[in-house]
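Heads up: the structure comes next, in structure tokens.
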Amino acid sequence: MTMDRVLANLDLNLLVTLDALLRERNVTRTAERLGVSQPAASGALARLRRHFGDPLLTRVGNRYELTPLAARVAVLTGPALAGVRRVFDSTADFDPSRLDREVTLVVSDYAAAILMPLVSQRLATLAPGVRLRLEQTTQYAVDHAAETLRTADGLVIPHGFVTELPYLDLYEDRWVCIVDAGHDVGDPLTLEKLGELPWVVYYDRPTAFAPAVRQLRMLGVEARVDVVVDGFVQLPFLVAGTRRIALLQERLANLLAPVAGVRVLPCPFDVVPVAEAFWWNPMYRNDPAHAWLRDVLLEAATPLRR
């Protein structure tokens with residue numbers, strides 16, 4: 001049987017289901033993600049198992065694991081779906097209002113709180129058929145950005161952690177210090193005081209976005225770290241009601257300060273600003289739909305550049 005005949009006998013919807021099954025590793029979650037019934041998702045899995053001659057998912061304890069074949073296939077489904085989308089999104093007159101697809105962006109909780117509401121509003125206005133999926137950044141996702149961007153439409157992260165990939169500069173933010181609203185740390189805050197206070201920090205690893213501990217060490221100040229977290233939004237709530245201090249992006253600090261009960265203070269040392277950027281896979285460089293998405297992000301970030 002020729003390859004053309006094999007493809008003619010395949011239902012392309014199975015590619016969407018295959019991608020979701022290999023990501024979710026769960027039939028129920030796959031059905032919810034695709035908006036279909038669980039029997040329909042189970043039936044699609046059965047067809048895929050017959051096609052590949054492989055179970056694809058095997059039960060290990062109370063969860064499912066990918067088979068070795070499924071693990072190899074999982075690397076291919078994202079780029080394959082992206083290619084299919086590029087084919088069917090390529091029209092003589094590109095019209096975003098007619099798009100019916102999911103856009104996946106990998107973002108920190110900071111970007112999710114500050115930038116993504118603006119992006120979501122523009123998408124709702126310009127392309128109501130587009131579903132926005134936000135996935136939380138992880139150390140692995142950032143350290144392996146090229147691999148991450150095989151299955152995601154883009155990664156929103158500041159400069160300094162990703163190289164050799166195309167990017168779009170979005171906006172800048174400043175770092176500020178936050179303390180409990182009732183905690184008197186002196187005015188102005190001093191470097192000496194920073195060395196005395198206990199800190200809450202965003203994880204202090206090579207891919208650590210918040211430069212608090214690293215910056216202080218460069219200034220000869222050894223910070224006493226009380227709490228380490230993996231998200232920015234948690235920081236103010238772990239500072240509130242304590243003598244702790246943390247470094248946070250100014251826009252997020254101002255947004256959360258009234259809710260968490262913390263006070264925003266200028267840093268007593270120079271900190272490199274947050275230069276937020278959108279990174280993407282080079283295969284999308286000339287893709288009309290992705291070029292439009294980049295414009296949406298840039299336009300959505302306009303208020304943040306003022």
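Each chain in the structure tokens gets a letter, A, B and so on, in the order shown; residues start at 1 in every chain, and ligands are counted from 1 in the order they appear.
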Handout entry: Within 6 Å of range 251-263 of chain A using only C-alpha atoms, minus same-chain residues under 4 positions, as a PyMOL selection string
Key = chain A and resi 178-181+236-237+240
Please write the residues from the selection above to a file, keeping all heavy atoms, as a PDB file, in the first residue's frame.
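selection24.pdb was written with the following content:
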```pdb
ATOM      1  N   ILE A 178       9.432  43.896  48.949  1.00  0.00           N
ATOM      2  CA  ILE A 178       8.146  43.891  49.659  1.00  0.00           C
ATOM      3  C   ILE A 178       8.365  43.399  51.083  1.00  0.00           C
ATOM      4  O   ILE A 178       9.141  42.477  51.333  1.00  0.00           O
ATOM      5  CB  ILE A 178       7.084  43.021  48.949  1.00  0.00           C
ATOM      6  CG1 ILE A 178       7.590  41.578  48.727  1.00  0.00           C
ATOM      7  CG2 ILE A 178       6.672  43.645  47.633  1.00  0.00           C
ATOM      8  CD1 ILE A 178       6.505  40.629  48.224  1.00  0.00           C
ATOM      9  N   VAL A 179       7.684  44.062  52.023  1.00  0.00           N
ATOM     10  CA  VAL A 179       7.714  43.680  53.437  1.00  0.00           C
ATOM     11  C   VAL A 179       6.281  43.749  53.962  1.00  0.00           C
ATOM     12  O   VAL A 179       5.397  44.327  53.317  1.00  0.00           O
ATOM     13  CB  VAL A 179       8.621  44.609  54.268  1.00  0.00           C
ATOM     14  CG1 VAL A 179      10.066  44.496  53.816  1.00  0.00           C
ATOM     15  CG2 VAL A 179       8.146  46.054  54.194  1.00  0.00           C
ATOM     16  N   ASP A 180       6.064  43.183  55.120  1.00  0.00           N
ATOM     17  CA  ASP A 180       4.736  43.271  55.738  1.00  0.00           C
ATOM     18  C   ASP A 180       4.354  44.736  55.924  1.00  0.00           C
ATOM     19  O   ASP A 180       5.196  45.588  56.236  1.00  0.00           O
ATOM     20  CB  ASP A 180       4.747  42.558  57.088  1.00  0.00           C
ATOM     21  CG  ASP A 180       3.404  42.650  57.793  1.00  0.00           C
ATOM     22  OD1 ASP A 180       2.455  41.976  57.361  1.00  0.00           O
ATOM     23  OD2 ASP A 180       3.313  43.437  58.768  1.00  0.00           O
ATOM     24  N   ALA A 181       3.064  45.036  55.720  1.00  0.00           N
ATOM     25  CA  ALA A 181       2.593  46.421  55.776  1.00  0.00           C
ATOM     26  C   ALA A 181       2.909  47.089  57.112  1.00  0.00           C
ATOM     27  O   ALA A 181       3.135  48.305  57.172  1.00  0.00           O
ATOM     28  CB  ALA A 181       1.091  46.471  55.510  1.00  0.00           C
ATOM     29  N   PRO A 236       4.214  37.481  48.152  1.00  0.00           N
ATOM     30  CA  PRO A 236       3.667  38.459  49.106  1.00  0.00           C
ATOM     31  C   PRO A 236       2.947  37.813  50.285  1.00  0.00           C
ATOM     32  O   PRO A 236       3.009  38.324  51.408  1.00  0.00           O
ATOM     33  CB  PRO A 236       2.693  39.276  48.248  1.00  0.00           C
ATOM     34  CG  PRO A 236       3.111  39.047  46.841  1.00  0.00           C
ATOM     35  CD  PRO A 236       3.664  37.668  46.797  1.00  0.00           C
ATOM     36  N   PHE A 237       2.282  36.692  50.056  1.00  0.00           N
ATOM     37  CA  PHE A 237       1.503  36.056  51.112  1.00  0.00           C
ATOM     38  C   PHE A 237       2.402  35.356  52.138  1.00  0.00           C
ATOM     39  O   PHE A 237       1.989  35.125  53.265  1.00  0.00           O
ATOM     40  CB  PHE A 237       0.507  35.071  50.491  1.00  0.00           C
ATOM     41  CG  PHE A 237      -0.456  35.735  49.555  1.00  0.00           C
ATOM     42  CD1 PHE A 237      -0.211  35.774  48.184  1.00  0.00           C
ATOM     43  CD2 PHE A 237      -1.589  36.359  50.040  1.00  0.00           C
ATOM     44  CE1 PHE A 237      -1.087  36.411  47.318  1.00  0.00           C
ATOM     45  CE2 PHE A 237      -2.472  37.009  49.183  1.00  0.00           C
ATOM     46  CZ  PHE A 237      -2.212  37.039  47.814  1.00  0.00           C
ATOM     47  N   ALA A 240       3.770  38.512  54.246  1.00  0.00           N
ATOM     48  CA  ALA A 240       2.771  39.145  55.114  1.00  0.00           C
ATOM     49  C   ALA A 240       2.759  38.512  56.506  1.00  0.00           C
ATOM     50  O   ALA A 240       2.856  37.294  56.653  1.00  0.00           O
ATOM     51  CB  ALA A 240       1.386  39.032  54.485  1.00  0.00           C
TER      52      ALA A 240
END
```
Practice task
Using only C-alpha atoms, determine which residues lie at most 12 Å from Asp169 in chain A, disregarding the query and same-chain residues fewer than 3 positions distant; provide the list as number ranges by chain.
Solution key: A: 155-159, 166, 172, 274-280, 294-295, 297-299, 301-302, 304-305
Output file for the selection above: N, CA and C atoms, as a PDB file, in the first residue's frame:
```
ATOM      1  N   LEU A 155       6.884  30.832  24.337  1.00  0.00           N
ATOM      2  CA  LEU A 155       7.346  30.857  25.720  1.00  0.00           C
ATOM      3  C   LEU A 155       7.553  32.315  26.107  1.00  0.00           C
ATOM      4  N   VAL A 156       6.916  32.748  27.176  1.00  0.00           N
ATOM      5  CA  VAL A 156       7.078  34.122  27.663  1.00  0.00           C
ATOM      6  C   VAL A 156       7.997  34.081  28.867  1.00  0.00           C
ATOM      7  N   ILE A 157       9.194  34.661  28.697  1.00  0.00           N
ATOM      8  CA  ILE A 157      10.206  34.623  29.752  1.00  0.00           C
ATOM      9  C   ILE A 157      11.178  35.770  29.518  1.00  0.00           C
ATOM     10  N   PRO A 158      11.766  36.328  30.585  1.00  0.00           N
ATOM     11  CA  PRO A 158      12.705  37.434  30.391  1.00  0.00           C
ATOM     12  C   PRO A 158      13.969  36.984  29.650  1.00  0.00           C
ATOM     13  N   HIS A 159      14.683  37.949  29.117  1.00  0.00           N
ATOM     14  CA  HIS A 159      15.980  37.683  28.505  1.00  0.00           C
ATOM     15  C   HIS A 159      16.949  37.143  29.562  1.00  0.00           C
ATOM     16  N   PRO A 166      14.283  32.738  17.910  1.00  0.00           N
ATOM     17  CA  PRO A 166      13.686  34.040  17.607  1.00  0.00           C
ATOM     18  C   PRO A 166      12.836  34.524  18.772  1.00  0.00           C
ATOM     19  N   GLU A 172       9.125  45.997  29.763  1.00  0.00           N
ATOM     20  CA  GLU A 172      10.049  45.900  30.892  1.00  0.00           C
ATOM     21  C   GLU A 172       9.306  46.150  32.201  1.00  0.00           C
ATOM     22  N   VAL A 274      13.482  43.628  34.485  1.00  0.00           N
ATOM     23  CA  VAL A 274      12.896  42.462  33.835  1.00  0.00           C
ATOM     24  C   VAL A 274      12.569  42.852  32.398  1.00  0.00           C
ATOM     25  N   ALA A 275      13.209  42.200  31.439  1.00  0.00           N
ATOM     26  CA  ALA A 275      12.935  42.464  30.019  1.00  0.00           C
ATOM     27  C   ALA A 275      12.156  41.275  29.469  1.00  0.00           C
ATOM     28  N   GLU A 276      10.834  41.360  29.561  1.00  0.00           N
ATOM     29  CA  GLU A 276       9.970  40.227  29.188  1.00  0.00           C
ATOM     30  C   GLU A 276       9.915  40.080  27.668  1.00  0.00           C
ATOM     31  N   ALA A 277      10.031  38.846  27.179  1.00  0.00           N
ATOM     32  CA  ALA A 277      10.053  38.589  25.741  1.00  0.00           C
ATOM     33  C   ALA A 277       9.250  37.335  25.417  1.00  0.00           C
ATOM     34  N   PHE A 278       8.857  37.243  24.166  1.00  0.00           N
ATOM     35  CA  PHE A 278       8.112  36.086  23.654  1.00  0.00           C
ATOM     36  C   PHE A 278       9.046  35.327  22.721  1.00  0.00           C
ATOM     37  N   TRP A 279       9.294  34.053  23.019  1.00  0.00           N
ATOM     38  CA  TRP A 279      10.206  33.200  22.245  1.00  0.00           C
ATOM     39  C   TRP A 279       9.393  32.154  21.512  1.00  0.00           C
ATOM     40  N   TRP A 280       9.833  31.819  20.283  1.00  0.00           N
ATOM     41  CA  TRP A 280       9.061  30.841  19.509  1.00  0.00           C
ATOM     42  C   TRP A 280       9.978  29.991  18.631  1.00  0.00           C
ATOM     43  N   ARG A 294       1.890  36.872  17.181  1.00  0.00           N
ATOM     44  CA  ARG A 294       2.966  37.724  17.702  1.00  0.00           C
ATOM     45  C   ARG A 294       2.517  39.184  17.749  1.00  0.00           C
ATOM     46  N   ASP A 295       1.796  39.599  16.731  1.00  0.00           N
ATOM     47  CA  ASP A 295       1.269  40.973  16.729  1.00  0.00           C
ATOM     48  C   ASP A 295       0.279  41.176  17.874  1.00  0.00           C
ATOM     49  N   LEU A 297       0.289  39.688  20.766  1.00  0.00           N
ATOM     50  CA  LEU A 297       1.057  39.805  22.009  1.00  0.00           C
ATOM     51  C   LEU A 297       1.690  41.186  22.131  1.00  0.00           C
ATOM     52  N   LEU A 298       2.256  41.660  21.033  1.00  0.00           N
ATOM     53  CA  LEU A 298       2.916  42.966  21.058  1.00  0.00           C
ATOM     54  C   LEU A 298       1.910  44.081  21.331  1.00  0.00           C
ATOM     55  N   GLU A 299       0.755  44.015  20.684  1.00  0.00           N
ATOM     56  CA  GLU A 299      -0.268  45.039  20.887  1.00  0.00           C
ATOM     57  C   GLU A 299      -0.860  44.955  22.292  1.00  0.00           C
ATOM     58  N   ALA A 301       0.665  44.079  24.924  1.00  0.00           N
ATOM     59  CA  ALA A 301       1.651  44.571  25.900  1.00  0.00           C
ATOM     60  C   ALA A 301       1.835  46.077  25.819  1.00  0.00           C
ATOM     61  N   THR A 302       1.167  46.755  24.881  1.00  0.00           N
ATOM     62  CA  THR A 302       1.348  48.208  24.700  1.00  0.00           C
ATOM     63  C   THR A 302       1.151  48.984  25.999  1.00  0.00           C
ATOM     64  N   LEU A 304       1.759  48.159  28.920  1.00  0.00           N
ATOM     65  CA  LEU A 304       2.847  47.848  29.846  1.00  0.00           C
ATOM     66  C   LEU A 304       4.153  48.522  29.432  1.00  0.00           C
ATOM     67  N   ARG A 305       4.174  49.086  28.222  1.00  0.00           N
ATOM     68  CA  ARG A 305       5.379  49.782  27.758  1.00  0.00           C
ATOM     69  C   ARG A 305       5.310  51.285  28.038  1.00  0.00           C
TER      70      ARG A 305
END
```
Exercise for the section: Looking only at helix (DSSP H, G or I) from DSSP on the backbone, list the matching residues of range 90-228 of chain A as a ChimeraX atom specification. Expected result: /A:96-98,109-114,116-126,139-143,145-148,191-196,212-218
Export of prior selection with C-alpha atoms as a compact mmCIF listing (two decimals), in the first residue's frame:
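Now in again.txt:
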```txt
# COMPACT_ATOMS: atom_id res chain seq x y z
CA PRO A 96 -8.21 35.53 12.41
CA SER A 97 -11.94 35.75 13.17
CA ARG A 98 -12.35 32.38 11.41
CA ASP A 109 2.51 32.99 37.08
CA TYR A 110 3.84 36.58 36.91
CA ALA A 111 3.23 36.82 33.16
CA ALA A 112 -0.09 35.00 33.58
CA ALA A 113 -1.24 37.68 36.02
CA ILE A 114 0.16 40.79 34.30
CA MET A 116 -2.14 37.29 29.82
CA PRO A 117 -5.38 39.08 30.80
CA LEU A 118 -4.54 41.67 28.12
CA VAL A 119 -3.76 38.94 25.59
CA SER A 120 -6.94 37.05 26.46
CA GLN A 121 -9.04 40.19 25.97
CA ARG A 122 -7.58 40.82 22.50
CA LEU A 123 -8.07 37.21 21.45
CA ALA A 124 -11.69 37.27 22.62
CA THR A 125 -12.28 40.34 20.47
CA LEU A 126 -10.29 39.43 17.36
CA GLN A 139 13.04 24.70 35.13
CA TYR A 140 13.00 21.88 32.56
CA ALA A 141 10.79 23.82 30.13
CA VAL A 142 13.17 26.80 30.22
CA ASP A 143 16.42 24.82 30.16
CA ALA A 145 13.30 25.70 25.44
CA ALA A 146 13.82 24.33 21.92
CA GLU A 147 12.14 21.07 22.96
CA THR A 148 9.35 22.94 24.78
CA LEU A 191 21.88 46.98 52.22
CA GLU A 192 22.79 46.29 55.85
CA LYS A 193 19.12 45.74 56.65
CA LEU A 194 18.78 43.33 53.70
CA GLY A 195 21.50 41.18 55.24
CA GLU A 196 19.67 41.07 58.58
CA ALA A 212 17.77 38.53 44.85
CA VAL A 213 20.27 36.09 46.38
CA ARG A 214 22.68 36.27 43.43
CA GLN A 215 22.67 40.08 43.39
CA LEU A 216 23.18 40.32 47.15
CA ARG A 217 26.11 37.90 47.06
CA MET A 218 27.74 40.03 44.37
```
Practice task
Go through A:Tyr284, A:Tyr171, A:Trp199, A:Phe161 one by one, measure the shortest atom-to-atom distance of each to Ala246 in chain A using only C-alpha atoms, and give the residue with the smallest value.
Solution key: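 The closest residue to Ala246 in chain A is A:Trp199.
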Exercise for the section: Between A:Leu219, A:Leu69, A:Ala291, A:Val200, single out the one closest to Pro268 in chain A, counting only C-alpha atoms. Expected result: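 Closest to Pro268 in chain A, using only C-alpha atoms: A:Leu219.
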Practice task
Once DSSP has gone over the backbone, tell me which residues of range 97-246 of chain A are in strand (DSSP E or B), as JSON, numbers by chain.
Solution key: {"A": [101, 102, 103, 104, 105, 106, 107, 130, 131, 132, 133, 134, 135, 136, 154, 155, 156, 157, 158, 167, 168, 169, 170, 171, 172, 173, 175, 176, 177, 178, 179, 180, 198, 199, 200, 201, 202, 224, 225, 226, 227, 228, 229, 245, 246]}
Could you save those same residues with N, CA and C atoms as a compact mmCIF listing (two decimals), in the first residue's frame?
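Generated output (result-v3.txt):
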```
# COMPACT_ATOMS: atom_id res chain seq x y z
N ARG A 101 -8.89 27.05 16.81
CA ARG A 101 -7.73 26.28 17.25
C ARG A 101 -7.36 26.67 18.67
N GLU A 102 -6.42 25.92 19.23
CA GLU A 102 -5.93 26.20 20.57
C GLU A 102 -4.53 26.79 20.47
N VAL A 103 -4.29 27.85 21.23
CA VAL A 103 -2.97 28.46 21.31
C VAL A 103 -2.39 28.14 22.68
N THR A 104 -1.21 27.52 22.69
CA THR A 104 -0.57 27.12 23.95
C THR A 104 0.63 28.01 24.21
N LEU A 105 0.62 28.70 25.34
CA LEU A 105 1.73 29.57 25.73
C LEU A 105 2.26 29.08 27.08
N VAL A 106 3.58 28.98 27.19
CA VAL A 106 4.23 28.59 28.44
C VAL A 106 4.66 29.87 29.14
N VAL A 107 4.11 30.13 30.32
CA VAL A 107 4.33 31.41 30.99
C VAL A 107 4.52 31.19 32.50
N VAL A 130 -10.51 31.06 19.06
CA VAL A 130 -9.21 30.61 19.58
C VAL A 130 -9.33 30.34 21.07
N ARG A 131 -8.86 29.16 21.48
CA ARG A 131 -8.82 28.78 22.90
C ARG A 131 -7.40 28.97 23.40
N LEU A 132 -7.24 29.71 24.48
CA LEU A 132 -5.93 30.02 25.03
C LEU A 132 -5.60 29.05 26.15
N ARG A 133 -4.51 28.31 26.00
CA ARG A 133 -4.05 27.38 27.05
C ARG A 133 -2.73 27.92 27.62
N LEU A 134 -2.70 28.15 28.92
CA LEU A 134 -1.51 28.64 29.60
C LEU A 134 -0.89 27.50 30.40
N GLU A 135 0.38 27.22 30.15
CA GLU A 135 1.09 26.18 30.89
C GLU A 135 2.19 26.84 31.71
N GLN A 136 2.32 26.42 32.97
CA GLN A 136 3.28 27.02 33.89
C GLN A 136 4.72 26.69 33.48
N GLY A 154 4.55 29.28 22.02
CA GLY A 154 5.51 30.27 22.46
C GLY A 154 5.81 30.17 23.93
N LEU A 155 6.88 30.83 24.34
CA LEU A 155 7.35 30.86 25.72
C LEU A 155 7.55 32.31 26.11
N VAL A 156 6.92 32.75 27.18
CA VAL A 156 7.08 34.12 27.66
C VAL A 156 8.00 34.08 28.87
N ILE A 157 9.19 34.66 28.70
CA ILE A 157 10.21 34.62 29.75
C ILE A 157 11.18 35.77 29.52
N PRO A 158 11.77 36.33 30.59
CA PRO A 158 12.71 37.43 30.39
C PRO A 158 13.97 36.98 29.65
N TYR A 167 12.78 35.84 18.95
CA TYR A 167 12.03 36.39 20.07
C TYR A 167 11.44 37.74 19.69
N LEU A 168 10.50 38.17 20.50
CA LEU A 168 9.85 39.47 20.35
C LEU A 168 9.87 40.15 21.71
N ASP A 169 10.49 41.33 21.80
CA ASP A 169 10.51 42.08 23.06
C ASP A 169 9.12 42.63 23.34
N LEU A 170 8.63 42.44 24.57
CA LEU A 170 7.27 42.85 24.92
C LEU A 170 7.24 44.10 25.80
N TYR A 171 7.88 44.04 26.94
CA TYR A 171 7.86 45.18 27.86
C TYR A 171 8.91 44.97 28.95
N GLU A 172 9.12 46.00 29.76
CA GLU A 172 10.05 45.90 30.89
C GLU A 172 9.31 46.15 32.20
N ASP A 173 9.86 45.61 33.26
CA ASP A 173 9.34 45.82 34.60
C ASP A 173 10.52 46.01 35.54
N TRP A 175 12.29 45.57 39.54
CA TRP A 175 12.24 44.80 40.77
C TRP A 175 12.07 45.75 41.95
N VAL A 176 11.24 45.36 42.90
CA VAL A 176 11.05 46.13 44.13
C VAL A 176 11.11 45.16 45.31
N CYS A 177 11.27 45.72 46.50
CA CYS A 177 11.25 44.91 47.72
C CYS A 177 9.86 44.98 48.34
N ILE A 178 9.43 43.90 48.95
CA ILE A 178 8.15 43.89 49.66
C ILE A 178 8.36 43.40 51.08
N VAL A 179 7.68 44.06 52.02
CA VAL A 179 7.71 43.68 53.44
C VAL A 179 6.28 43.75 53.96
N ASP A 180 6.06 43.18 55.12
CA ASP A 180 4.74 43.27 55.74
C ASP A 180 4.35 44.74 55.92
N PRO A 198 15.18 37.97 57.17
CA PRO A 198 14.97 36.67 56.51
C PRO A 198 14.27 36.88 55.17
N TRP A 199 14.60 36.05 54.17
CA TRP A 199 14.11 36.23 52.81
C TRP A 199 13.16 35.11 52.39
N VAL A 200 12.23 35.49 51.50
CA VAL A 200 11.47 34.52 50.71
C VAL A 200 11.97 34.70 49.28
N VAL A 201 12.42 33.62 48.64
CA VAL A 201 13.00 33.76 47.30
C VAL A 201 12.37 32.78 46.33
N TYR A 202 12.34 33.22 45.08
CA TYR A 202 11.98 32.31 43.98
C TYR A 202 13.16 31.39 43.79
N ARG A 224 19.82 35.52 54.34
CA ARG A 224 19.30 34.39 55.12
C ARG A 224 17.95 33.99 54.52
N VAL A 225 17.91 32.84 53.87
CA VAL A 225 16.71 32.39 53.16
C VAL A 225 15.85 31.55 54.10
N ASP A 226 14.62 32.03 54.35
CA ASP A 226 13.67 31.32 55.20
C ASP A 226 12.76 30.41 54.39
N VAL A 227 12.33 30.89 53.20
CA VAL A 227 11.34 30.17 52.40
C VAL A 227 11.75 30.23 50.93
N VAL A 228 11.66 29.09 50.25
CA VAL A 228 11.92 29.01 48.81
C VAL A 228 10.63 28.56 48.13
N VAL A 229 10.21 29.28 47.08
CA VAL A 229 8.95 28.96 46.41
C VAL A 229 9.19 28.78 44.91
N ILE A 245 11.36 39.49 53.90
CA ILE A 245 11.42 40.42 52.78
C ILE A 245 11.56 39.60 51.50
N ALA A 246 11.14 40.15 50.40
CA ALA A 246 11.27 39.45 49.11
C ALA A 246 11.44 40.48 48.01
```
Exercise for the section: Choose the residue, out of A:Asn13, A:Val233, A:His290, A:Pro303, that has the smallest atom-to-atom separation from Phe94 in chain A; count only C-alpha atoms. Expected result: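 Among the listed residues, A:His290 lies closest to Phe94 in chain A.
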Handout entry: Polymer residues at most 6 Å from Tyr64 in chain A, only C-alpha atoms, same-chain spacing of 6 or more positions, as a PyMOL selection string
Key = chain A and resi 25+57-58
Requested write-out: N, CA, C and O atoms of the selected residues, as a PDB file, in the first residue's frame:
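Dumped to out_23.pdb:
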```pdb
ATOM      1  N   ARG A  25      -2.141  11.330  29.267  1.00  0.00           N
ATOM      2  CA  ARG A  25      -1.953   9.954  29.757  1.00  0.00           C
ATOM      3  C   ARG A  25      -3.170   9.505  30.574  1.00  0.00           C
ATOM      4  O   ARG A  25      -3.054   8.769  31.542  1.00  0.00           O
ATOM      5  N   LEU A  57      -0.452   3.293  26.005  1.00  0.00           N
ATOM      6  CA  LEU A  57      -0.517   3.609  27.435  1.00  0.00           C
ATOM      7  C   LEU A  57      -0.619   2.309  28.218  1.00  0.00           C
ATOM      8  O   LEU A  57      -1.446   1.458  27.894  1.00  0.00           O
ATOM      9  N   THR A  58       0.234   2.157  29.221  1.00  0.00           N
ATOM     10  CA  THR A  58       0.178   0.955  30.060  1.00  0.00           C
ATOM     11  C   THR A  58       0.010   1.378  31.516  1.00  0.00           C
ATOM     12  O   THR A  58       0.606   2.359  31.963  1.00  0.00           O
TER      13      THR A  58
END
```
Practice task
Could you jot down the CA of Thr67 in chain A to CA of Phe52 in chain A separation for me, Å, one decimal place?
Solution key: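 We find that CA of Thr67 in chain A and CA of Phe52 in chain A lie 11.5 Å from each other.
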Handout entry: Nearest candidate to Gly53 in chain A (options A:Val271, A:Ala20, A:Ala70, A:Val264; using only C-alpha atoms)
Key = A:Ala70
